[in-house]
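Peer 1: My file is start.cif. It has mmCIF, C-alpha atoms:
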```cif
data_input
#
loop_
_atom_site.group_PDB
_atom_site.id
_atom_site.type_symbol
_atom_site.label_atom_id
_atom_site.label_comp_id
_atom_site.auth_asym_id
_atom_site.auth_seq_id
_atom_site.Cartn_x
_atom_site.Cartn_y
_atom_site.Cartn_z
ATOM 1 C CA MET A 1 -71.041 8.203 69.135
ATOM 2 C CA ARG A 2 -69.427 6.648 66.103
ATOM 3 C CA PHE A 3 -68.687 10.152 64.740
ATOM 4 C CA LYS A 4 -66.865 11.120 67.951
ATOM 5 C CA SER A 5 -64.624 8.076 67.884
ATOM 6 C CA LEU A 6 -63.856 8.635 64.194
ATOM 7 C CA ALA A 7 -62.948 12.271 64.918
ATOM 8 C CA LEU A 8 -60.666 11.182 67.779
ATOM 9 C CA VAL A 9 -58.910 8.683 65.530
ATOM 10 C CA ILE A 10 -58.386 11.340 62.848
ATOM 11 C CA LEU A 11 -56.972 13.791 65.401
ATOM 12 C CA PHE A 12 -54.686 11.075 66.771
ATOM 13 C CA VAL A 13 -53.391 10.222 63.291
ATOM 14 C CA LEU A 14 -52.862 13.895 62.407
ATOM 15 C CA ASN A 15 -50.865 14.446 65.600
ATOM 16 C CA MET A 16 -48.696 11.433 64.817
ATOM 17 C CA VAL A 17 -48.013 12.576 61.222
ATOM 18 C CA ARG A 18 -47.175 16.198 61.988
ATOM 19 C CA PRO A 19 -43.497 16.920 62.829
ATOM 20 C CA PRO A 20 -42.787 17.602 66.503
ATOM 21 C CA VAL A 21 -42.528 21.220 67.592
ATOM 22 C CA PRO A 22 -39.826 21.984 70.149
ATOM 23 C CA LEU A 23 -41.167 23.585 73.296
ATOM 24 C CA LEU A 24 -38.151 25.798 73.847
ATOM 25 C CA ALA A 25 -35.987 26.806 70.923
ATOM 26 C CA GLU A 26 -32.387 27.607 71.698
ATOM 27 C CA PRO A 27 -31.248 30.917 70.201
ATOM 28 C CA SER A 28 -28.017 29.348 68.948
ATOM 29 C CA LEU A 29 -29.839 26.828 66.733
ATOM 30 C CA GLN A 30 -29.909 27.507 63.017
ATOM 31 C CA VAL A 31 -33.479 27.560 61.754
ATOM 32 C CA PRO A 32 -33.837 26.802 58.040
ATOM 33 C CA GLY A 33 -35.199 29.746 56.077
ATOM 34 C CA ILE A 34 -34.268 32.319 58.740
ATOM 35 C CA GLN A 35 -31.019 34.198 58.293
ATOM 36 C CA GLN A 36 -28.949 34.971 61.324
ATOM 37 C CA PRO A 37 -27.829 38.610 61.557
ATOM 38 C CA ALA A 38 -24.411 39.250 60.077
ATOM 39 C CA PRO A 39 -21.671 40.512 62.420
ATOM 40 C CA GLU A 40 -21.743 43.835 60.529
ATOM 41 C CA ASP A 41 -25.446 44.187 61.277
ATOM 42 C CA GLU A 42 -24.846 43.517 64.969
ATOM 43 C CA ALA A 43 -22.015 46.060 65.019
ATOM 44 C CA ARG A 44 -24.203 48.611 63.262
ATOM 45 C CA ALA A 45 -27.060 47.995 65.709
ATOM 46 C CA ARG A 46 -24.685 48.377 68.655
ATOM 47 C CA LEU A 47 -23.271 51.607 67.174
ATOM 48 C CA GLU A 48 -26.758 53.002 66.590
ATOM 49 C CA LYS A 49 -27.745 52.110 70.150
ATOM 50 C CA ASP A 50 -24.632 53.827 71.527
ATOM 51 C CA MET A 51 -25.286 56.914 69.406
ATOM 52 C CA ALA A 52 -28.904 57.081 70.576
ATOM 53 C CA LYS A 53 -27.787 56.732 74.193
ATOM 54 C CA LYS A 54 -25.244 59.544 73.780
ATOM 55 C CA ALA A 55 -27.845 61.767 72.083
ATOM 56 C CA ASN A 56 -30.251 61.166 74.990
ATOM 57 C CA GLN A 57 -27.534 62.031 77.505
ATOM 58 C CA GLU A 58 -26.755 65.258 75.640
ATOM 59 C CA ARG A 59 -30.448 66.111 75.442
ATOM 60 C CA GLN A 60 -30.769 65.531 79.202
ATOM 61 C CA ALA A 61 -27.788 67.820 79.868
ATOM 62 C CA ASP A 62 -29.376 70.501 77.646
ATOM 63 C CA LEU A 63 -32.644 70.147 79.546
ATOM 64 C CA ARG A 64 -30.885 70.611 82.886
ATOM 65 C CA ARG A 65 -29.025 73.672 81.619
ATOM 66 C CA ASP A 66 -32.212 75.166 80.143
ATOM 67 C CA ALA A 67 -34.184 74.457 83.322
ATOM 68 C CA ASP A 68 -31.526 76.258 85.365
ATOM 69 C CA LYS A 69 -31.694 79.191 82.955
ATOM 70 C CA LEU A 70 -35.505 79.212 83.172
ATOM 71 C CA PHE A 71 -35.291 79.354 86.945
ATOM 72 C CA LYS A 72 -32.845 82.267 86.754
ATOM 73 C CA LEU A 73 -35.023 84.142 84.238
ATOM 74 C CA ALA A 74 -38.165 83.568 86.297
ATOM 75 C CA THR A 75 -36.393 84.914 89.375
ATOM 76 C CA GLU A 76 -35.277 87.991 87.436
ATOM 77 C CA LEU A 77 -38.804 88.464 86.093
ATOM 78 C CA LYS A 78 -40.168 88.344 89.641
ATOM 79 C CA GLN A 79 -37.661 90.991 90.716
ATOM 80 C CA TYR A 80 -38.592 93.260 87.780
ATOM 81 C CA VAL A 81 -42.308 92.843 88.489
ATOM 82 C CA ASP A 82 -41.748 93.645 92.175
ATOM 83 C CA LYS A 83 -40.064 96.917 91.157
ATOM 84 C CA THR A 84 -42.985 98.053 88.997
ATOM 85 C CA ASN A 85 -46.370 99.324 90.082
ATOM 86 C CA GLU A 86 -49.839 99.325 88.543
ATOM 87 C CA ASN A 87 -49.082 102.488 86.532
ATOM 88 C CA VAL A 88 -45.727 101.395 85.076
ATOM 89 C CA LEU A 89 -45.209 98.478 82.722
ATOM 90 C CA SER A 90 -41.510 97.913 82.291
ATOM 91 C CA LEU A 91 -40.104 97.027 78.880
ATOM 92 C CA GLU A 92 -37.641 94.780 80.701
ATOM 93 C CA VAL A 93 -40.547 92.744 82.083
ATOM 94 C CA LEU A 94 -41.947 92.163 78.589
ATOM 95 C CA LYS A 95 -38.534 91.183 77.191
ATOM 96 C CA LYS A 96 -37.893 88.819 80.085
ATOM 97 C CA ALA A 97 -41.333 87.214 79.684
ATOM 98 C CA GLU A 98 -40.714 86.685 75.951
ATOM 99 C CA GLU A 99 -37.311 85.154 76.657
ATOM 100 C CA ILE A 100 -38.881 82.791 79.188
ATOM 101 C CA GLU A 101 -41.606 81.845 76.713
ATOM 102 C CA LYS A 102 -39.083 80.974 73.971
ATOM 103 C CA LEU A 103 -36.909 78.975 76.330
ATOM 104 C CA ALA A 104 -39.917 77.118 77.768
ATOM 105 C CA HIS A 105 -41.010 76.201 74.239
ATOM 106 C CA SER A 106 -37.492 74.925 73.503
ATOM 107 C CA VAL A 107 -37.495 72.828 76.680
ATOM 108 C CA LYS A 108 -40.885 71.371 75.792
ATOM 109 C CA SER A 109 -39.631 70.402 72.314
ATOM 110 C CA LYS A 110 -36.507 68.781 73.737
ATOM 111 C CA MET A 111 -38.583 66.819 76.245
ATOM 112 C CA LYS A 112 -40.664 65.346 73.440
ATOM 113 C CA GLY A 113 -37.488 64.022 71.861
ATOM 114 C CA PRO A 114 -36.460 63.642 68.244
ATOM 115 C CA ASN A 115 -39.739 62.580 66.616
#
```
With the file now loaded, output its structure as structure tokens.

Peer 2:
Amino acid sequence: MRFKSLALVILFVLNMVRPPVPLLAEPSLQVPGIQQPAPEDEARARLEKDMAKKANQERQADLRRDADKLFKLATELKQYVDKTNENVLSLEVLKKAEEIEKLAHSVKSKMKGPN
């Protein structure tokens, strides 16, 4: 029992000696040892964010355009296949399939993003 009361006294004294910790720190407060970002750094970060946003918008536009082209090529491929029979393999069908394959690979790469 004596050990418990001694431990409580030590904890009480340690809590009294330690500096108080604010519960909520305001972002505008200067904290010693921590540098605030310079205005140039904030401008650079904003510029980089804007550039990334624009690049994503351009990538999305490319994806839409490529998806439309894929749809068109797939429709053309279907028409070519419908015109052939089991004895005739059209060279146009092979070329169209290769074109679709390359474009689909490009779309897949663009969807993954710049990594």

Peer 1: Need the shell around Tyr80 in chain A: protein/DNA/RNA residues with any atom at most 12 Å away, counting only C-alpha atoms. Skip same-chain ones fewer than 6 positions apart. Format as a ChimeraX atom specification?

Peer 2: /A:73-74,88-97

Peer 1: Tell me, in Å to one decimal, how far CA of Glu98 in chain A is from CA of Glu86 in chain A.

Peer 2: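 Those two atoms sit 20.0 Å apart.
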
Peer 1: Quote the spacing between CA of Lys83 in chain A and CA of His105 in chain A in Å to one decimal place.

Peer 2: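 Atom-to-atom, CA of Lys83 in chain A and CA of His105 in chain A are spaced 26.8 Å apart.
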
Peer 1: At what distance in Å, to one decimal, does CA of Ile100 in chain A lie from CA of Ala52 in chain A?

Peer 2: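 CA of Ala52 in chain A sits 28.9 Å away from CA of Ile100 in chain A.
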
Peer 1: Could you list, as a list in words, every residue matched by the PyMOL selection byres ((chain A and resi 59) around 12) in this structure?

Peer 2: Ala52, Lys53, Lys54, Ala55, Asn56, Gln57, Glu58, Gln60, Ala61, Asp62, Leu63, Arg64, Arg65, Asp66, Ser106, Val107, Lys108, Ser109, Lys110, Met111, Lys112, Gly113 and Pro114 of chain A
